[in-house]
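> Sharing data.txt (compact mmCIF, N, CA and C atoms) below.
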# COMPACT_ATOMS: atom_id res chain seq x y z
N MET E 1 -6.97 -11.28 -12.70
CA MET E 1 -7.23 -9.90 -13.10
C MET E 1 -6.83 -8.97 -11.95
N PRO E 2 -6.01 -7.95 -12.25
CA PRO E 2 -5.58 -7.03 -11.19
C PRO E 2 -6.77 -6.27 -10.60
N LEU E 3 -6.71 -6.05 -9.32
CA LEU E 3 -7.78 -5.35 -8.62
C LEU E 3 -7.42 -3.88 -8.45
N PRO E 4 -8.40 -2.96 -8.62
CA PRO E 4 -8.12 -1.55 -8.36
C PRO E 4 -7.88 -1.33 -6.87
N LEU E 5 -6.97 -0.42 -6.57
CA LEU E 5 -6.73 -0.06 -5.17
C LEU E 5 -7.74 1.00 -4.76
N PRO E 6 -8.07 1.09 -3.48
CA PRO E 6 -9.02 2.10 -3.02
C PRO E 6 -8.50 3.52 -3.27
N ALA E 7 -9.40 4.49 -3.19
CA ALA E 7 -9.04 5.89 -3.38
C ALA E 7 -7.93 6.27 -2.41
N ILE E 8 -7.08 7.20 -2.84
CA ILE E 8 -5.95 7.56 -2.00
C ILE E 8 -6.17 8.93 -1.38
N LEU E 9 -5.13 9.69 -1.14
CA LEU E 9 -5.16 10.90 -0.33
C LEU E 9 -6.28 11.86 -0.67
N ASN E 10 -6.44 12.24 -1.90
CA ASN E 10 -7.43 13.24 -2.28
C ASN E 10 -8.49 12.59 -3.17
N PRO E 11 -9.57 12.09 -2.59
CA PRO E 11 -10.57 11.39 -3.38
C PRO E 11 -11.31 12.30 -4.35
N LYS E 12 -11.22 13.63 -4.17
CA LYS E 12 -11.89 14.55 -5.09
C LYS E 12 -11.14 14.65 -6.40
N ALA E 13 -9.83 14.49 -6.34
CA ALA E 13 -9.03 14.56 -7.56
C ALA E 13 -9.25 13.27 -8.34
N ASN E 14 -8.90 13.30 -9.60
CA ASN E 14 -8.92 12.08 -10.39
C ASN E 14 -7.60 11.37 -10.12
N PRO E 15 -7.59 10.43 -9.16
CA PRO E 15 -6.32 9.83 -8.78
C PRO E 15 -5.71 9.01 -9.91
N MET E 16 -4.41 8.92 -9.85
CA MET E 16 -3.66 8.11 -10.80
C MET E 16 -4.23 6.70 -10.78
N PRO E 17 -4.60 6.18 -11.95
CA PRO E 17 -5.07 4.79 -11.96
C PRO E 17 -3.98 3.87 -11.41
N THR E 18 -4.27 3.24 -10.31
CA THR E 18 -3.32 2.35 -9.64
C THR E 18 -4.02 1.03 -9.38
N ARG E 19 -3.36 -0.04 -9.75
CA ARG E 19 -3.95 -1.35 -9.52
C ARG E 19 -2.88 -2.30 -9.01
N GLU E 20 -3.32 -3.30 -8.31
CA GLU E 20 -2.40 -4.29 -7.81
C GLU E 20 -2.23 -5.34 -8.89
N TRP E 21 -1.05 -5.35 -9.50
CA TRP E 21 -0.79 -6.27 -10.61
C TRP E 21 -0.73 -7.71 -10.11
N ARG E 22 -0.05 -7.88 -9.00
CA ARG E 22 -0.08 -9.12 -8.23
C ARG E 22 0.18 -8.72 -6.79
N GLU E 23 0.06 -9.63 -5.88
CA GLU E 23 0.25 -9.27 -4.48
C GLU E 23 1.62 -8.63 -4.27
N GLY E 24 1.60 -7.42 -3.73
CA GLY E 24 2.84 -6.72 -3.44
C GLY E 24 3.43 -5.93 -4.58
N VAL E 25 2.71 -5.84 -5.71
CA VAL E 25 3.21 -5.06 -6.86
C VAL E 25 2.10 -4.15 -7.35
N TRP E 26 2.35 -2.85 -7.28
CA TRP E 26 1.40 -1.86 -7.77
C TRP E 26 1.84 -1.35 -9.12
N LEU E 27 0.87 -1.20 -10.03
CA LEU E 27 1.11 -0.61 -11.34
C LEU E 27 0.36 0.71 -11.40
N CYS E 28 1.09 1.80 -11.61
CA CYS E 28 0.52 3.14 -11.60
C CYS E 28 0.64 3.76 -12.99
N GLU E 29 -0.49 4.13 -13.56
CA GLU E 29 -0.51 4.73 -14.89
C GLU E 29 -0.64 6.25 -14.74
N THR E 30 0.32 6.97 -15.25
CA THR E 30 0.37 8.41 -15.08
C THR E 30 -0.23 9.15 -16.26
N GLY E 31 -0.43 10.43 -16.06
CA GLY E 31 -0.88 11.33 -17.11
C GLY E 31 -0.03 12.58 -17.06
N PRO E 32 -0.35 13.55 -17.87
CA PRO E 32 0.46 14.77 -17.93
C PRO E 32 0.21 15.70 -16.75
N GLU E 33 1.05 16.72 -16.65
CA GLU E 33 0.86 17.78 -15.67
C GLU E 33 -0.43 18.51 -16.01
N PRO E 34 -1.12 19.11 -15.08
CA PRO E 34 -0.73 19.33 -13.70
C PRO E 34 -1.10 18.18 -12.77
N GLN E 35 -1.82 17.20 -13.26
CA GLN E 35 -2.28 16.10 -12.41
C GLN E 35 -1.13 15.20 -11.94
N LEU E 36 -0.08 15.08 -12.73
CA LEU E 36 1.01 14.16 -12.41
C LEU E 36 1.63 14.45 -11.05
N SER E 37 1.95 15.70 -10.76
CA SER E 37 2.61 15.99 -9.48
C SER E 37 1.71 15.66 -8.29
N GLU E 38 0.42 15.93 -8.41
CA GLU E 38 -0.51 15.59 -7.33
C GLU E 38 -0.65 14.07 -7.20
N ASP E 39 -0.71 13.39 -8.32
CA ASP E 39 -0.80 11.93 -8.28
C ASP E 39 0.41 11.31 -7.61
N LEU E 40 1.60 11.81 -7.94
CA LEU E 40 2.82 11.28 -7.33
C LEU E 40 2.86 11.58 -5.83
N GLU E 41 2.39 12.76 -5.44
CA GLU E 41 2.33 13.10 -4.02
C GLU E 41 1.38 12.14 -3.29
N ASN E 42 0.23 11.87 -3.89
CA ASN E 42 -0.73 10.93 -3.29
C ASN E 42 -0.14 9.53 -3.20
N LEU E 43 0.60 9.12 -4.22
CA LEU E 43 1.23 7.80 -4.21
C LEU E 43 2.26 7.71 -3.09
N ALA E 44 3.09 8.73 -2.93
CA ALA E 44 4.08 8.73 -1.85
C ALA E 44 3.39 8.64 -0.49
N TYR E 45 2.30 9.38 -0.34
CA TYR E 45 1.54 9.34 0.92
C TYR E 45 1.00 7.93 1.17
N ARG E 46 0.42 7.35 0.16
CA ARG E 46 -0.15 6.00 0.31
C ARG E 46 0.92 4.98 0.65
N LEU E 47 2.08 5.10 0.01
CA LEU E 47 3.18 4.18 0.31
C LEU E 47 3.63 4.34 1.76
N THR E 48 3.68 5.56 2.23
CA THR E 48 4.06 5.82 3.62
C THR E 48 3.08 5.15 4.58
N GLN E 49 1.80 5.14 4.23
CA GLN E 49 0.78 4.50 5.06
C GLN E 49 0.93 2.98 5.05
N GLN E 50 1.54 2.42 4.02
CA GLN E 50 1.69 0.97 3.89
C GLN E 50 2.88 0.42 4.66
N LEU E 51 3.72 1.26 5.22
CA LEU E 51 4.98 0.81 5.80
C LEU E 51 4.80 -0.24 6.89
N GLU E 52 3.73 -0.17 7.64
CA GLU E 52 3.54 -1.12 8.74
C GLU E 52 3.47 -2.56 8.25
N GLY E 53 2.85 -2.78 7.11
CA GLY E 53 2.72 -4.13 6.59
C GLY E 53 3.76 -4.47 5.54
N GLY E 54 4.77 -3.63 5.39
CA GLY E 54 5.76 -3.85 4.33
C GLY E 54 5.28 -3.19 3.06
N GLY E 55 6.15 -2.45 2.46
CA GLY E 55 5.76 -1.69 1.26
C GLY E 55 5.76 -2.54 0.01
N PRO E 56 4.93 -2.16 -0.96
CA PRO E 56 4.89 -2.89 -2.22
C PRO E 56 6.00 -2.44 -3.16
N ASP E 57 6.24 -3.22 -4.18
CA ASP E 57 7.03 -2.77 -5.32
C ASP E 57 6.10 -1.92 -6.17
N VAL E 58 6.64 -0.91 -6.84
CA VAL E 58 5.81 0.00 -7.62
C VAL E 58 6.41 0.19 -9.00
N VAL E 59 5.57 0.07 -10.02
CA VAL E 59 5.94 0.41 -11.39
C VAL E 59 5.11 1.63 -11.78
N VAL E 60 5.80 2.72 -12.13
CA VAL E 60 5.14 3.94 -12.57
C VAL E 60 5.32 4.03 -14.08
N ASP E 61 4.21 4.00 -14.80
CA ASP E 61 4.23 4.08 -16.26
C ASP E 61 4.25 5.55 -16.68
N LEU E 62 5.37 5.97 -17.25
CA LEU E 62 5.53 7.36 -17.69
C LEU E 62 5.37 7.52 -19.21
N SER E 63 4.84 6.52 -19.87
CA SER E 63 4.79 6.54 -21.34
C SER E 63 3.94 7.69 -21.91
N THR E 64 3.02 8.23 -21.14
CA THR E 64 2.19 9.34 -21.65
C THR E 64 2.67 10.70 -21.16
N VAL E 65 3.76 10.71 -20.39
CA VAL E 65 4.29 11.96 -19.84
C VAL E 65 5.25 12.58 -20.85
N GLU E 66 5.02 13.86 -21.16
CA GLU E 66 5.85 14.54 -22.15
C GLU E 66 7.06 15.23 -21.54
N PHE E 67 6.94 15.67 -20.30
CA PHE E 67 8.07 16.31 -19.62
C PHE E 67 7.91 16.17 -18.11
N LEU E 68 9.03 16.32 -17.41
CA LEU E 68 9.02 16.32 -15.96
C LEU E 68 9.57 17.66 -15.49
N ASN E 69 8.81 18.36 -14.68
CA ASN E 69 9.32 19.59 -14.10
C ASN E 69 9.96 19.27 -12.75
N SER E 70 10.49 20.30 -12.09
CA SER E 70 11.19 20.07 -10.82
C SER E 70 10.26 19.53 -9.74
N VAL E 71 9.01 19.93 -9.76
CA VAL E 71 8.05 19.42 -8.77
C VAL E 71 7.87 17.92 -8.96
N CYS E 72 7.70 17.49 -10.20
CA CYS E 72 7.52 16.06 -10.47
C CYS E 72 8.77 15.26 -10.12
N LEU E 73 9.95 15.83 -10.39
CA LEU E 73 11.18 15.14 -10.00
C LEU E 73 11.23 14.96 -8.48
N GLY E 74 10.85 16.00 -7.76
CA GLY E 74 10.82 15.90 -6.30
C GLY E 74 9.83 14.85 -5.84
N ARG E 75 8.67 14.80 -6.49
CA ARG E 75 7.66 13.79 -6.11
C ARG E 75 8.16 12.38 -6.40
N LEU E 76 8.87 12.19 -7.51
CA LEU E 76 9.43 10.87 -7.82
C LEU E 76 10.45 10.46 -6.76
N ILE E 77 11.23 11.41 -6.29
CA ILE E 77 12.20 11.13 -5.23
C ILE E 77 11.46 10.72 -3.96
N GLU E 78 10.34 11.39 -3.65
CA GLU E 78 9.53 11.03 -2.48
C GLU E 78 8.97 9.62 -2.62
N VAL E 79 8.49 9.28 -3.81
CA VAL E 79 7.94 7.94 -4.06
C VAL E 79 9.04 6.90 -3.89
N ARG E 80 10.22 7.17 -4.45
CA ARG E 80 11.33 6.23 -4.32
C ARG E 80 11.69 6.03 -2.86
N ALA E 81 11.78 7.12 -2.09
CA ALA E 81 12.12 7.03 -0.67
C ALA E 81 11.08 6.23 0.11
N ALA E 82 9.80 6.48 -0.18
CA ALA E 82 8.73 5.74 0.50
C ALA E 82 8.80 4.26 0.16
N CYS E 83 9.08 3.93 -1.09
CA CYS E 83 9.24 2.51 -1.48
C CYS E 83 10.38 1.88 -0.70
N GLN E 84 11.51 2.56 -0.66
CA GLN E 84 12.69 2.00 0.00
C GLN E 84 12.46 1.83 1.50
N ARG E 85 11.80 2.79 2.13
CA ARG E 85 11.53 2.67 3.57
C ARG E 85 10.69 1.44 3.88
N GLY E 86 9.80 1.10 2.96
CA GLY E 86 8.95 -0.06 3.17
C GLY E 86 9.53 -1.36 2.64
N GLY E 87 10.76 -1.29 2.10
CA GLY E 87 11.38 -2.49 1.56
C GLY E 87 10.95 -2.81 0.14
N GLY E 88 10.24 -1.88 -0.50
CA GLY E 88 9.80 -2.09 -1.88
C GLY E 88 10.79 -1.54 -2.88
N ARG E 89 10.52 -1.81 -4.14
CA ARG E 89 11.36 -1.33 -5.24
C ARG E 89 10.52 -0.50 -6.18
N LEU E 90 11.13 0.51 -6.79
CA LEU E 90 10.45 1.39 -7.74
C LEU E 90 11.06 1.19 -9.11
N ARG E 91 10.19 1.05 -10.11
CA ARG E 91 10.61 1.00 -11.51
C ARG E 91 9.87 2.07 -12.26
N LEU E 92 10.56 2.78 -13.12
CA LEU E 92 9.93 3.74 -14.03
C LEU E 92 9.88 3.08 -15.40
N ALA E 93 8.68 2.99 -15.95
CA ALA E 93 8.49 2.33 -17.24
C ALA E 93 8.07 3.35 -18.29
N GLY E 94 8.36 3.05 -19.55
CA GLY E 94 7.95 3.92 -20.64
C GLY E 94 8.66 5.26 -20.64
N VAL E 95 9.88 5.27 -20.18
CA VAL E 95 10.65 6.52 -20.12
C VAL E 95 11.09 6.90 -21.52
N THR E 96 10.62 8.06 -21.98
CA THR E 96 10.97 8.54 -23.32
C THR E 96 12.35 9.19 -23.28
N ASP E 97 12.89 9.46 -24.47
CA ASP E 97 14.18 10.14 -24.56
C ASP E 97 14.13 11.50 -23.87
N ARG E 98 13.01 12.16 -23.99
CA ARG E 98 12.86 13.48 -23.37
C ARG E 98 12.90 13.40 -21.84
N ILE E 99 12.21 12.42 -21.29
CA ILE E 99 12.22 12.22 -19.84
C ILE E 99 13.62 11.78 -19.39
N TRP E 100 14.23 10.89 -20.15
CA TRP E 100 15.57 10.42 -19.81
C TRP E 100 16.57 11.58 -19.79
N SER E 101 16.44 12.51 -20.73
CA SER E 101 17.36 13.65 -20.76
C SER E 101 17.18 14.53 -19.52
N VAL E 102 15.95 14.65 -19.02
CA VAL E 102 15.71 15.41 -17.79
C VAL E 102 16.37 14.70 -16.60
N LEU E 103 16.24 13.38 -16.55
CA LEU E 103 16.86 12.61 -15.47
C LEU E 103 18.39 12.74 -15.53
N LEU E 104 18.95 12.69 -16.73
CA LEU E 104 20.39 12.85 -16.90
C LEU E 104 20.85 14.25 -16.47
N ALA E 105 20.15 15.27 -16.94
CA ALA E 105 20.53 16.65 -16.64
C ALA E 105 20.46 16.96 -15.15
N SER E 106 19.57 16.28 -14.44
CA SER E 106 19.42 16.52 -13.01
C SER E 106 20.21 15.51 -12.16
N ASN E 107 21.05 14.71 -12.83
CA ASN E 107 21.85 13.68 -12.15
C ASN E 107 21.01 12.66 -11.37
N LEU E 108 19.82 12.40 -11.86
CA LEU E 108 18.95 11.41 -11.22
C LEU E 108 18.89 10.10 -12.00
N ASP E 109 19.66 10.02 -13.08
CA ASP E 109 19.62 8.81 -13.91
C ASP E 109 20.06 7.57 -13.13
N ARG E 110 20.94 7.72 -12.16
CA ARG E 110 21.39 6.57 -11.37
C ARG E 110 20.48 6.29 -10.18
N SER E 111 19.56 7.21 -9.92
CA SER E 111 18.67 7.06 -8.77
C SER E 111 17.43 6.23 -9.07
N PHE E 112 17.13 6.07 -10.35
CA PHE E 112 15.91 5.36 -10.75
C PHE E 112 16.25 4.24 -11.72
N ARG E 113 15.54 3.14 -11.59
CA ARG E 113 15.67 2.04 -12.54
C ARG E 113 14.62 2.28 -13.62
N CYS E 114 15.08 2.66 -14.81
CA CYS E 114 14.19 2.99 -15.93
C CYS E 114 14.18 1.86 -16.93
N LEU E 115 12.98 1.47 -17.36
CA LEU E 115 12.84 0.38 -18.30
C LEU E 115 11.95 0.80 -19.46
N GLU E 116 12.08 0.08 -20.55
CA GLU E 116 11.44 0.44 -21.81
C GLU E 116 9.92 0.52 -21.73
N ASP E 117 9.31 -0.46 -21.06
CA ASP E 117 7.84 -0.50 -20.99
C ASP E 117 7.40 -1.21 -19.72
N VAL E 118 6.11 -1.22 -19.51
CA VAL E 118 5.55 -1.81 -18.29
C VAL E 118 5.87 -3.29 -18.20
N SER E 119 5.73 -4.01 -19.29
CA SER E 119 5.99 -5.46 -19.28
C SER E 119 7.42 -5.76 -18.84
N THR E 120 8.36 -5.00 -19.36
CA THR E 120 9.77 -5.20 -19.00
C THR E 120 10.00 -4.86 -17.53
N ALA E 121 9.36 -3.81 -17.04
CA ALA E 121 9.49 -3.42 -15.64
C ALA E 121 8.94 -4.49 -14.72
N LEU E 122 7.77 -5.00 -15.04
CA LEU E 122 7.16 -6.07 -14.22
C LEU E 122 8.02 -7.33 -14.27
N ALA E 123 8.54 -7.65 -15.45
CA ALA E 123 9.40 -8.83 -15.58
C ALA E 123 10.67 -8.67 -14.77
N SER E 124 11.23 -7.46 -14.71
CA SER E 124 12.46 -7.24 -13.95
C SER E 124 12.24 -7.53 -12.46
N LEU E 125 11.06 -7.15 -11.96
CA LEU E 125 10.75 -7.45 -10.57
C LEU E 125 10.61 -8.95 -10.34
N ALA E 126 9.95 -9.61 -11.28
CA ALA E 126 9.75 -11.06 -11.15
C ALA E 126 11.08 -11.81 -11.21
N VAL E 127 11.98 -11.38 -12.10
CA VAL E 127 13.27 -12.04 -12.23
C VAL E 127 14.09 -11.85 -10.95
N GLU E 128 14.06 -10.67 -10.39
CA GLU E 128 14.79 -10.42 -9.15
C GLU E 128 14.23 -11.23 -7.99
N ASP E 129 12.95 -11.56 -8.04
CA ASP E 129 12.32 -12.34 -6.97
C ASP E 129 12.66 -13.83 -7.09
N ALA E 130 13.03 -14.25 -8.30
CA ALA E 130 13.28 -15.68 -8.53
C ALA E 130 14.57 -16.16 -7.90
Could you write out this file's structure as structure tokens?


Amino acid sequence: MPLPLPAILNPKANPMPTREWREGVWLCETGPEPQLSEDLENLAYRLTQQLEGGGPDVVVDLSTVEFLNSVCLGRLIEVRAACQRGGGRLRLAGVTDRIWSVLLASNLDRSFRCLEDVSTALASLAVEDA
């Protein structure tokens, strides 16, 4: 059973539900704005703090997100950069057509590995590890 991770940057906020799916793999369940941008900022901060011990792989579930604004796109870029600095990989799961069109329009479609759902995203990490 995955264990919840401790509170992150802003414990007063309702942080993005994040759990360790297996050692070295975090699963982050997102919600809509305005909480999404703060959650992503907190996640990037937490990943930056993890760099000393090697960063985890991260799957961000966007299945409940209806749109991404420029702030959220910037936060996703920060999360991706923090993952890469720590040697981890980022997967975006549950990307809807609407979210995909925002990524395409902003030329970020090649910057993120987007997968149909969480299970597929987690499996992609496991297959790459094999």

> Enter the distance from atom C of Gly24 in chain E to atom C of Leu125 in chain E, in Å, rounded to one decimal.

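Going from atom C of Gly24 in chain E over to atom C of Leu125 in chain E, I get 9.7 Å.
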
> Would you work out the distance separating CA of Leu27 in chain E from CA of Val79 in chain E, expressed in Å to one decimal?

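Interatomic distance, CA of Leu27 in chain E to CA of Val79 in chain E: 13.1 Å.
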
> Rounded to one decimal place, report the atom C of Val60 in chain E-CA of Thr30 in chain E distance in Å.

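Taking atom C of Val60 in chain E as the start and CA of Thr30 in chain E as the end point, the length is 6.7 Å.
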
> Taking only C-alpha atoms into account, which of E:Leu92, E:Val102, E:Ala130, E:Val58 comes nearest Cys114 in chain E?

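When distances to Cys114 in chain E are compared using only C-alpha atoms, the smallest one comes from E:Leu92.
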
> With all atoms listed in the file as the atoms that count, which of E:Val59, E:Glu66, E:Ile99, E:Leu104 lies nearest to Ala121 in chain E?

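Of E:Val59, E:Glu66, E:Ile99, E:Leu104, the one nearest Ala121 in chain E, counting all atoms listed in the file, is E:Val59.
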